[in-house]
>>> print(open('run.txt').read())   # compact mmCIF, C-alpha atoms
# COMPACT_ATOMS: atom_id res chain seq x y z
CA MET A 1 0.00 0.00 0.00
CA PHE A 2 2.85 2.38 0.85
CA ALA A 3 4.52 1.70 -2.50
CA ILE A 4 1.24 2.40 -4.34
CA CYS A 5 0.79 5.71 -2.49
CA VAL A 6 4.36 6.76 -3.28
CA THR A 7 3.87 5.89 -6.95
CA LEU A 8 0.64 7.89 -7.14
CA LEU A 9 2.20 10.89 -5.42
CA SER A 10 5.25 10.69 -7.68
CA SER A 11 3.01 10.74 -10.75
CA GLN A 12 1.29 13.85 -9.42
CA LEU A 13 4.58 15.62 -8.81
CA GLN A 14 6.49 14.66 -11.96
CA ALA A 15 7.81 17.37 -14.24
CA SER A 16 5.19 19.00 -16.42
CA GLN A 17 4.74 18.27 -20.12
CA ASN A 18 6.03 21.05 -22.31
CA ALA A 19 3.17 23.31 -23.40
CA ALA A 20 2.89 26.67 -25.13
CA ILE A 21 0.41 29.16 -26.46
CA VAL A 22 0.42 32.52 -28.24
CA LEU A 23 -2.57 34.87 -27.96
CA ASP A 24 -3.34 38.17 -29.57
CA ALA A 25 -3.14 40.31 -26.43
CA ASN A 26 -6.06 42.52 -27.44
CA THR A 27 -8.55 39.97 -28.77
CA GLU A 28 -7.34 36.79 -26.99
CA GLU A 29 -7.42 34.99 -30.35
CA VAL A 30 -5.26 31.86 -30.25
CA LEU A 31 -2.48 32.24 -32.81
CA TYR A 32 -0.53 29.12 -31.87
CA GLU A 33 -0.88 26.35 -29.31
CA ARG A 34 0.90 23.18 -28.24
CA ASN A 35 -0.60 21.09 -25.44
CA SER A 36 -2.21 24.32 -24.24
CA ASP A 37 -5.06 22.57 -22.39
CA TYR A 38 -2.80 20.06 -20.66
CA ARG A 39 -3.22 20.46 -16.88
CA SER A 40 0.16 20.87 -15.23
CA HIS A 41 1.87 22.52 -12.29
CA PRO A 42 1.94 26.32 -12.80
CA ALA A 43 4.60 27.03 -10.14
CA GLY A 44 5.05 30.77 -9.55
CA LEU A 45 2.60 31.68 -12.33
CA THR A 46 0.01 30.90 -9.65
CA LYS A 47 0.83 34.32 -8.25
CA LEU A 48 -0.98 35.86 -11.21
CA ILE A 49 -4.34 34.73 -9.81
CA THR A 50 -3.35 35.85 -6.30
CA LEU A 51 -2.43 39.28 -7.64
CA TYR A 52 -5.63 39.43 -9.69
CA ALA A 53 -7.59 38.83 -6.50
CA ALA A 54 -5.60 41.54 -4.70
CA TYR A 55 -6.11 44.11 -7.46
CA SER A 56 -9.82 43.28 -7.59
CA ALA A 57 -10.11 43.87 -3.84
CA VAL A 58 -8.31 47.21 -4.14
CA SER A 59 -10.51 48.18 -7.09
CA ASP A 60 -13.75 47.49 -5.20
CA GLY A 61 -12.54 49.17 -2.03
CA THR A 62 -12.21 46.05 0.12
CA LEU A 63 -8.53 46.83 0.67
CA SER A 64 -6.17 49.74 0.07
CA LEU A 65 -2.57 49.47 -1.09
CA ASP A 66 -1.72 51.63 1.93
CA ASP A 67 -3.25 49.15 4.39
CA ASP A 68 -0.85 47.67 6.95
CA ILE A 69 -0.96 43.87 6.84
CA LYS A 70 0.03 41.86 9.93
CA ILE A 71 2.19 38.84 9.18
CA SER A 72 1.13 35.44 10.51
CA SER A 73 3.30 32.51 11.52
CA LYS A 74 2.16 30.64 8.38
CA ALA A 75 3.25 33.46 6.08
CA ALA A 76 6.53 34.02 7.91
CA ASN A 77 7.46 30.35 7.61
CA GLU A 78 6.83 29.82 3.90
CA PRO A 79 9.89 28.38 2.11
CA PRO A 80 12.02 30.49 -0.29
CA VAL A 81 11.83 32.54 -2.37
CA THR A 82 10.77 34.97 0.38
CA LEU A 83 10.80 38.63 1.29
CA GLY A 84 11.95 37.65 4.79
CA LEU A 85 8.76 38.65 6.59
CA ARG A 86 8.66 38.12 10.35
CA GLU A 87 5.71 36.90 12.37
CA GLY A 88 3.88 39.76 14.06
CA SER A 89 5.42 42.46 11.87
CA GLU A 90 3.35 44.77 9.68
CA ILE A 91 3.92 45.82 6.09
CA LYS A 92 1.88 47.78 3.59
CA LEU A 93 -0.08 45.83 1.02
CA MET A 94 1.68 47.73 -1.79
CA TYR A 95 5.00 46.21 -0.78
CA LEU A 96 3.55 42.70 -0.58
CA VAL A 97 2.15 43.16 -4.09
CA ARG A 98 5.50 44.36 -5.40
CA ALA A 99 7.34 41.43 -3.82
CA VAL A 100 4.91 38.96 -5.37
CA ALA A 101 4.79 40.57 -8.83
CA VAL A 102 8.53 41.16 -9.17
CA GLN A 103 10.43 38.77 -6.90
CA GLY A 104 7.83 36.00 -6.65
CA ALA A 105 7.94 35.97 -2.84
CA ASN A 106 6.04 33.06 -1.31
CA ASP A 107 5.65 34.62 2.14
CA ALA A 108 4.19 37.77 0.61
CA SER A 109 1.74 35.68 -1.43
CA THR A 110 0.40 33.99 1.69
CA ALA A 111 0.22 37.33 3.49
CA ILE A 112 -1.94 38.72 0.68
CA ALA A 113 -4.23 35.69 0.87
CA GLU A 114 -4.63 36.18 4.63
CA ALA A 115 -5.28 39.90 4.17
CA LEU A 116 -8.14 39.09 1.80
CA ASP A 117 -9.75 36.21 3.71
CA VAL A 118 -9.85 34.75 7.21
CA SER A 119 -8.77 31.29 6.06
CA GLU A 120 -6.91 29.63 3.22
CA LEU A 121 -10.11 27.77 2.28
CA ALA A 122 -11.99 31.06 1.92
CA PHE A 123 -9.18 32.48 -0.19
CA LEU A 124 -9.18 29.44 -2.48
CA GLU A 125 -12.94 29.86 -2.91
CA ARG A 126 -12.22 33.46 -3.94
CA LEU A 127 -9.71 32.24 -6.52
CA GLU A 128 -12.20 29.73 -7.89
CA LYS A 129 -14.76 32.54 -8.23
CA HIS A 130 -12.30 34.70 -10.18
CA SER A 131 -11.37 31.69 -12.32
CA SER A 132 -15.02 31.12 -13.17
CA GLU A 133 -15.52 34.77 -14.07
CA LEU A 134 -12.41 34.79 -16.27
CA GLY A 135 -13.14 31.47 -17.97
CA LEU A 136 -10.15 29.62 -16.48
CA SER A 137 -12.04 26.34 -16.69
CA LYS A 138 -9.14 23.93 -16.21
CA SER A 139 -7.41 25.60 -13.24
CA THR A 140 -7.64 24.37 -9.66
CA TRP A 141 -5.77 26.37 -7.02
CA LYS A 142 -4.62 24.88 -3.71
CA ASN A 143 -2.42 27.71 -2.43
CA ALA A 144 -1.54 31.33 -3.10
CA HIS A 145 2.06 30.89 -4.27
CA GLY A 146 2.34 27.83 -6.51
CA LEU A 147 4.61 25.60 -4.48
CA THR A 148 3.84 22.05 -5.55
CA LYS A 149 0.69 20.56 -4.05
CA VAL A 150 -1.41 17.65 -5.23
CA GLY A 151 -4.42 18.93 -7.17
CA HIS A 152 -2.91 22.37 -7.85
CA PHE A 153 -3.05 22.70 -11.64
CA SER A 154 -3.49 25.12 -14.50
CA THR A 155 -2.87 25.18 -18.25
CA ALA A 156 -0.94 27.31 -20.70
CA HIS A 157 -4.24 28.56 -22.10
CA ASP A 158 -5.64 29.56 -18.71
CA ILE A 159 -2.41 31.31 -17.71
CA ALA A 160 -2.33 33.21 -21.02
CA VAL A 161 -5.92 34.41 -20.60
CA LEU A 162 -5.16 35.42 -17.00
CA PHE A 163 -2.10 37.42 -18.04
CA ALA A 164 -4.10 39.09 -20.82
CA LYS A 165 -6.74 40.06 -18.23
CA HIS A 166 -4.03 41.60 -16.04
CA ARG A 167 -2.98 43.68 -19.04
CA SER A 168 -6.52 44.83 -19.85
CA ASP A 169 -8.24 44.98 -16.45
CA PHE A 170 -5.42 46.36 -14.28
CA ARG A 171 -3.24 48.27 -16.71
CA PRO A 172 -1.94 50.76 -14.07
CA TYR A 173 -0.30 47.85 -12.21
CA PHE A 174 0.96 45.96 -15.26
CA ASN A 175 4.27 47.84 -15.33
CA MET A 176 5.39 45.91 -12.25
CA PHE A 177 5.91 42.88 -14.47
CA SER A 178 8.50 44.91 -16.41
CA ARG A 179 10.65 45.95 -13.44
CA LEU A 180 14.12 44.46 -13.04
CA SER A 181 13.99 45.46 -9.37
CA THR A 182 11.70 47.36 -7.04
CA SER A 183 11.36 48.62 -3.49
CA ALA A 184 9.45 46.27 -1.20
CA GLY A 185 9.60 48.43 1.90
CA LYS A 186 12.81 48.08 3.84
CA THR A 187 14.57 46.25 1.03
CA ASN A 188 14.81 46.13 -2.74
CA VAL A 189 13.99 42.90 -4.55
CA ALA A 190 15.24 41.68 -7.92
CA SER A 191 12.95 40.29 -10.61
CA SER A 192 12.83 36.52 -10.97
CA ALA A 193 12.05 37.22 -14.65
CA ARG A 194 15.08 39.46 -15.23
CA ARG A 195 16.70 37.13 -17.76
CA LEU A 196 13.51 37.08 -19.83
CA LEU A 197 13.22 40.86 -19.61
CA LYS A 198 16.78 41.23 -20.86
CA GLU A 199 16.83 38.54 -23.58
CA ILE A 200 13.41 38.59 -25.27
CA ASP A 201 13.01 41.17 -28.03
CA GLY A 202 10.04 43.50 -27.74
CA ILE A 203 9.12 42.33 -24.27
CA GLU A 204 6.77 44.51 -22.23
CA ALA A 205 6.18 42.33 -19.16
CA ALA A 206 7.03 38.92 -17.77
CA LYS A 207 6.15 36.55 -14.92
CA PHE A 208 8.45 33.62 -14.19
CA GLY A 209 7.97 30.40 -12.28
CA TYR A 210 9.97 27.31 -11.40
CA THR A 211 9.57 24.21 -9.31
CA ARG A 212 10.99 20.75 -9.86
CA ALA A 213 7.52 19.46 -10.70
CA ALA A 214 6.65 22.33 -13.03
CA GLY A 215 9.97 22.89 -14.76
CA PHE A 216 10.64 26.43 -15.99
CA ALA A 217 7.59 28.49 -16.90
CA ALA A 218 6.75 32.02 -17.98
CA ALA A 219 4.02 34.32 -19.19
CA VAL A 220 5.17 37.31 -21.24
CA SER A 221 3.63 40.27 -23.05
CA VAL A 222 5.52 41.10 -26.23
CA SER A 223 5.17 43.52 -29.15
CA HIS A 224 6.29 42.13 -32.51
CA SER A 225 5.60 43.35 -36.05
CA ASP A 226 3.02 45.85 -34.80
CA ARG A 227 1.15 43.12 -32.96
CA ASP A 228 0.69 42.71 -29.20
CA LEU A 229 1.14 39.12 -28.06
CA ILE A 230 0.77 37.08 -24.89
CA VAL A 231 3.09 34.07 -24.86
CA VAL A 232 3.08 31.31 -22.24
CA VAL A 233 5.49 28.39 -22.03
CA LEU A 234 5.24 25.68 -19.37
CA GLY A 235 7.62 22.82 -18.65
CA ALA A 236 10.82 24.16 -20.23
CA SER A 237 14.00 22.33 -19.21
CA THR A 238 16.09 25.39 -18.29
CA THR A 239 15.79 29.17 -18.27
CA ALA A 240 17.80 29.24 -21.50
CA ASP A 241 15.34 26.79 -23.07
CA LEU A 242 12.46 28.97 -21.85
CA VAL A 243 13.95 32.08 -23.47
CA ARG A 244 14.68 30.17 -26.70
CA GLN A 245 11.14 28.80 -26.94
CA ILE A 246 9.53 32.19 -26.33
CA ASN A 247 11.76 33.99 -28.85
CA ASN A 248 11.02 31.31 -31.48
CA LEU A 249 7.29 31.60 -30.89
CA VAL A 250 7.34 35.39 -31.14
CA ILE A 251 9.38 35.37 -34.35
CA ASN A 252 7.45 32.59 -36.10
CA VAL A 253 3.83 33.29 -35.14
CA ASN A 254 1.65 34.18 -38.12
>>> encode(input="run.txt", output="C-alpha cells")
Amino acid sequence: MFAICVTLLSSQLQASQNAAIVLDANTEEVLYERNSDYRSHPAGLTKLITLYAAYSAVSDGTLSLDDDIKISSKAANEPPVTLGLREGSEIKLMYLVRAVAVQGANDASTAIAEALDVSELAFLERLEKHSSELGLSKSTWKNAHGLTKVGHFSTAHDIAVLFAKHRSDFRPYFNMFSRLSTSAGKTNVASSARRLLKEIDGIEAAKFGYTRAAGFAAAVSVSHSDRDLIVVVLGASTTADLVRQINNLVINVN
C-alpha cells in the first residue's frame, strides 16, 4: 500500500509536459498552441491569480494598497523565495504586491491571501470565483504561491488568458511585471524574470515560475511586427530553453 501511495504521489509531482500558447493580447485569439489545455503545475505563475484577487479587492474598495498587513506565523514560515517577513510584523499591502509581482515571494503571497480572507479555504474559494468569471475552466488552485501541491493545476491557455486580463483589467499595475527590481519596503527585490526581460526582443512584461515538478515556466507580453502578443510556455527544461522557446514563438507566429 505504501509503494502504491508513493507511486501515485510521484506521478502527481512529476515534471510537467512542455506546453505553449500565443494569444493576440487585445482579442485573446489563439495564434498558436501546443498542449495548451494540458493540466500541469503552474509554479510561480500561480501568483498571477493571487495578484488578480488583490487588485480586484483594491478596485472594489475592500482593501487599500496603503493598508498595513500583519504577518502570521504561516506566512513568515513559507519556504524560499521569500521577502523575509517576520511573524507579528506589519507591512503595507503595496510592498507585498511588489514582492509577489517582481520577486515572486512566497511569504508575501500567503500574506496577501490572509489579508483578503480569514482562512486559506476562503481564499481558495475566492480564486475559484475569479477563475469562473475569467473562464479559467481547467485551473484548480490549492495555495496562493504555486509551491507544488497535489491537485494544484493550470494550463498554458488559462495562464495566457489570466495574463491578458491583467494587461486589460489592471493596466496601471501591469508595469510591475517589467521591473528588473523594485522597493518592497525596507529592502529592494530583484525580478525573478530578469533574464527574460533582458533577452526577449520587444518584451513589455514577464512573470516567471519554477519548481521541480513544473519545470521552468513564464508568461510574457511582447510587441512584434506591430502586434501585441501574450506568450506562455510551461515545462521548459532550463531558463535558456524557456527564453529560446519564447523567442522562437514570437518570431514565427503568423
>>> atom_distance(input="run.txt", atom1="CA of Val81 in chain A", atom2="CA of Ala43 in chain A")
12.0 Å
>>> residues_around(input="run.txt", residues="Tyr210 in chain A", least_positions_apart="3", cutoff="8 Å", atoms="all atoms listed in the file", output="PyMOL selection string")
chain A and resi 43-44+214-217
>>> closest_residue(input="run.txt", among="A:Gly84, A:Pro172, A:Gly209, A:Gly185", to="His41 in chain A", atoms="all atoms listed in the file")
A:Gly209
>>> residues_around(input="run.txt", residues="Ala144 in chain A", least_positions_apart="2", cutoff="8 Å", atoms="all atoms listed in the file", output="list in words")
Thr46, Lys47, Thr50, Asn106, Ser109, Thr110, Ala113, Leu124, Trp141, Lys142 and Gly146 of chain A
>>> atom_distance(input="run.txt", atom1="CA of Arg195 in chain A", atom2="CA of Val97 in chain A")
20.9 Å
>>> closest_residue(input="run.txt", among="A:Val161, A:Ala108, A:Leu51, A:Val102", to="Arg86 in chain A", atoms="all atoms listed in the file")
A:Ala108
>>> residues_around(input="run.txt", residues="Thr155 in chain A", least_positions_apart="6", cutoff="12 Å", atoms="all atoms listed in the file", output="PyMOL selection string")
chain A and resi 16-21+33-43+45-46+136-141+161-162+214+217-219+232-235
>>> residues_around(input="run.txt", residues="Lys70 in chain A", least_positions_apart="6", cutoff="7 Å", atoms="all atoms listed in the file", output="number ranges by chain")
A: 88-91
>>> write_last_selection(input="run.txt", atoms="C-alpha atoms", output="mmCIF file, in the frame of the given file")
data_model
loop_
_atom_site.group_PDB
_atom_site.id
_atom_site.type_symbol
_atom_site.label_atom_id
_atom_site.label_comp_id
_atom_site.auth_asym_id
_atom_site.auth_seq_id
_atom_site.Cartn_x
_atom_site.Cartn_y
_atom_site.Cartn_z
ATOM 1 C CA GLY A 88 3.880 39.760 14.060
ATOM 2 C CA SER A 89 5.420 42.460 11.870
ATOM 3 C CA GLU A 90 3.350 44.770 9.680
ATOM 4 C CA ILE A 91 3.920 45.820 6.090
#
>>> closest_residue(input="run.txt", among="A:Leu180, A:Met94, A:Ser191, A:Ala164", to="Leu63 in chain A", atoms="all atoms listed in the file")
A:Met94
>>> atom_distance(input="run.txt", atom1="CA of Asn247 in chain A", atom2="CA of Ile230 in chain A")
12.1 Å
>>> residues_around(input="run.txt", residues="Ile203 in chain A", least_positions_apart="2", cutoff="8 Å", atoms="only C-alpha atoms", output="number ranges by chain")
A: 197, 200-201, 205-206, 220-223
>>> build_atoms(input="run.txt", residues="range 110-136 of chain A", atoms="N, CA and C atoms", output="compact mmCIF listing (two decimals), in the frame of the given file")
# COMPACT_ATOMS: atom_id res chain seq x y z
N THR A 110 1.26 34.48 0.62
CA THR A 110 0.40 33.99 1.69
C THR A 110 -0.13 35.14 2.52
N ALA A 111 0.68 36.16 2.74
CA ALA A 111 0.22 37.33 3.49
C ALA A 111 -0.92 38.04 2.77
N ILE A 112 -0.85 38.12 1.45
CA ILE A 112 -1.94 38.72 0.68
C ILE A 112 -3.21 37.89 0.83
N ALA A 113 -3.07 36.57 0.73
CA ALA A 113 -4.23 35.69 0.87
C ALA A 113 -4.90 35.91 2.23
N GLU A 114 -4.09 36.01 3.28
CA GLU A 114 -4.63 36.18 4.63
C GLU A 114 -5.20 37.58 4.84
N ALA A 115 -4.71 38.55 4.09
CA ALA A 115 -5.28 39.90 4.17
C ALA A 115 -6.67 39.94 3.53
N LEU A 116 -6.87 39.11 2.52
CA LEU A 116 -8.14 39.09 1.80
C LEU A 116 -9.21 38.25 2.49
N ASP A 117 -8.79 37.14 3.13
CA ASP A 117 -9.75 36.21 3.71
C ASP A 117 -9.25 35.66 5.04
N VAL A 118 -10.19 35.21 5.86
CA VAL A 118 -9.85 34.75 7.21
C VAL A 118 -9.21 33.37 7.22
N SER A 119 -9.34 32.63 6.12
CA SER A 119 -8.77 31.29 6.06
C SER A 119 -8.29 31.00 4.65
N GLU A 120 -7.39 30.03 4.53
CA GLU A 120 -6.91 29.63 3.22
C GLU A 120 -8.05 29.08 2.37
N LEU A 121 -8.97 28.32 3.01
CA LEU A 121 -10.11 27.77 2.28
C LEU A 121 -10.95 28.88 1.66
N ALA A 122 -11.20 29.93 2.44
CA ALA A 122 -11.99 31.06 1.92
C ALA A 122 -11.27 31.74 0.77
N PHE A 123 -9.95 31.85 0.88
CA PHE A 123 -9.18 32.48 -0.19
C PHE A 123 -9.23 31.62 -1.46
N LEU A 124 -9.12 30.31 -1.30
CA LEU A 124 -9.18 29.44 -2.48
C LEU A 124 -10.56 29.51 -3.14
N GLU A 125 -11.61 29.66 -2.34
CA GLU A 125 -12.94 29.86 -2.91
C GLU A 125 -13.00 31.16 -3.70
N ARG A 126 -12.31 32.18 -3.21
CA ARG A 126 -12.22 33.46 -3.94
C ARG A 126 -11.53 33.26 -5.29
N LEU A 127 -10.44 32.49 -5.27
CA LEU A 127 -9.71 32.24 -6.52
C LEU A 127 -10.57 31.46 -7.51
N GLU A 128 -11.33 30.50 -7.00
CA GLU A 128 -12.20 29.73 -7.89
C GLU A 128 -13.27 30.64 -8.50
N LYS A 129 -13.77 31.60 -7.72
CA LYS A 129 -14.76 32.54 -8.23
C LYS A 129 -14.17 33.39 -9.35
N HIS A 130 -12.96 33.92 -9.13
CA HIS A 130 -12.30 34.70 -10.18
C HIS A 130 -12.05 33.83 -11.41
N SER A 131 -11.63 32.59 -11.19
CA SER A 131 -11.37 31.69 -12.32
C SER A 131 -12.63 31.49 -13.15
N SER A 132 -13.75 31.30 -12.47
CA SER A 132 -15.02 31.12 -13.17
C SER A 132 -15.38 32.35 -13.98
N GLU A 133 -15.20 33.52 -13.39
CA GLU A 133 -15.52 34.77 -14.07
C GLU A 133 -14.63 35.00 -15.29
N LEU A 134 -13.38 34.56 -15.19
CA LEU A 134 -12.41 34.79 -16.27
C LEU A 134 -12.39 33.67 -17.31
N GLY A 135 -13.12 32.59 -17.03
CA GLY A 135 -13.14 31.47 -17.97
C GLY A 135 -11.94 30.54 -17.86
N LEU A 136 -11.30 30.50 -16.68
CA LEU A 136 -10.15 29.62 -16.48
C LEU A 136 -10.67 28.25 -16.05
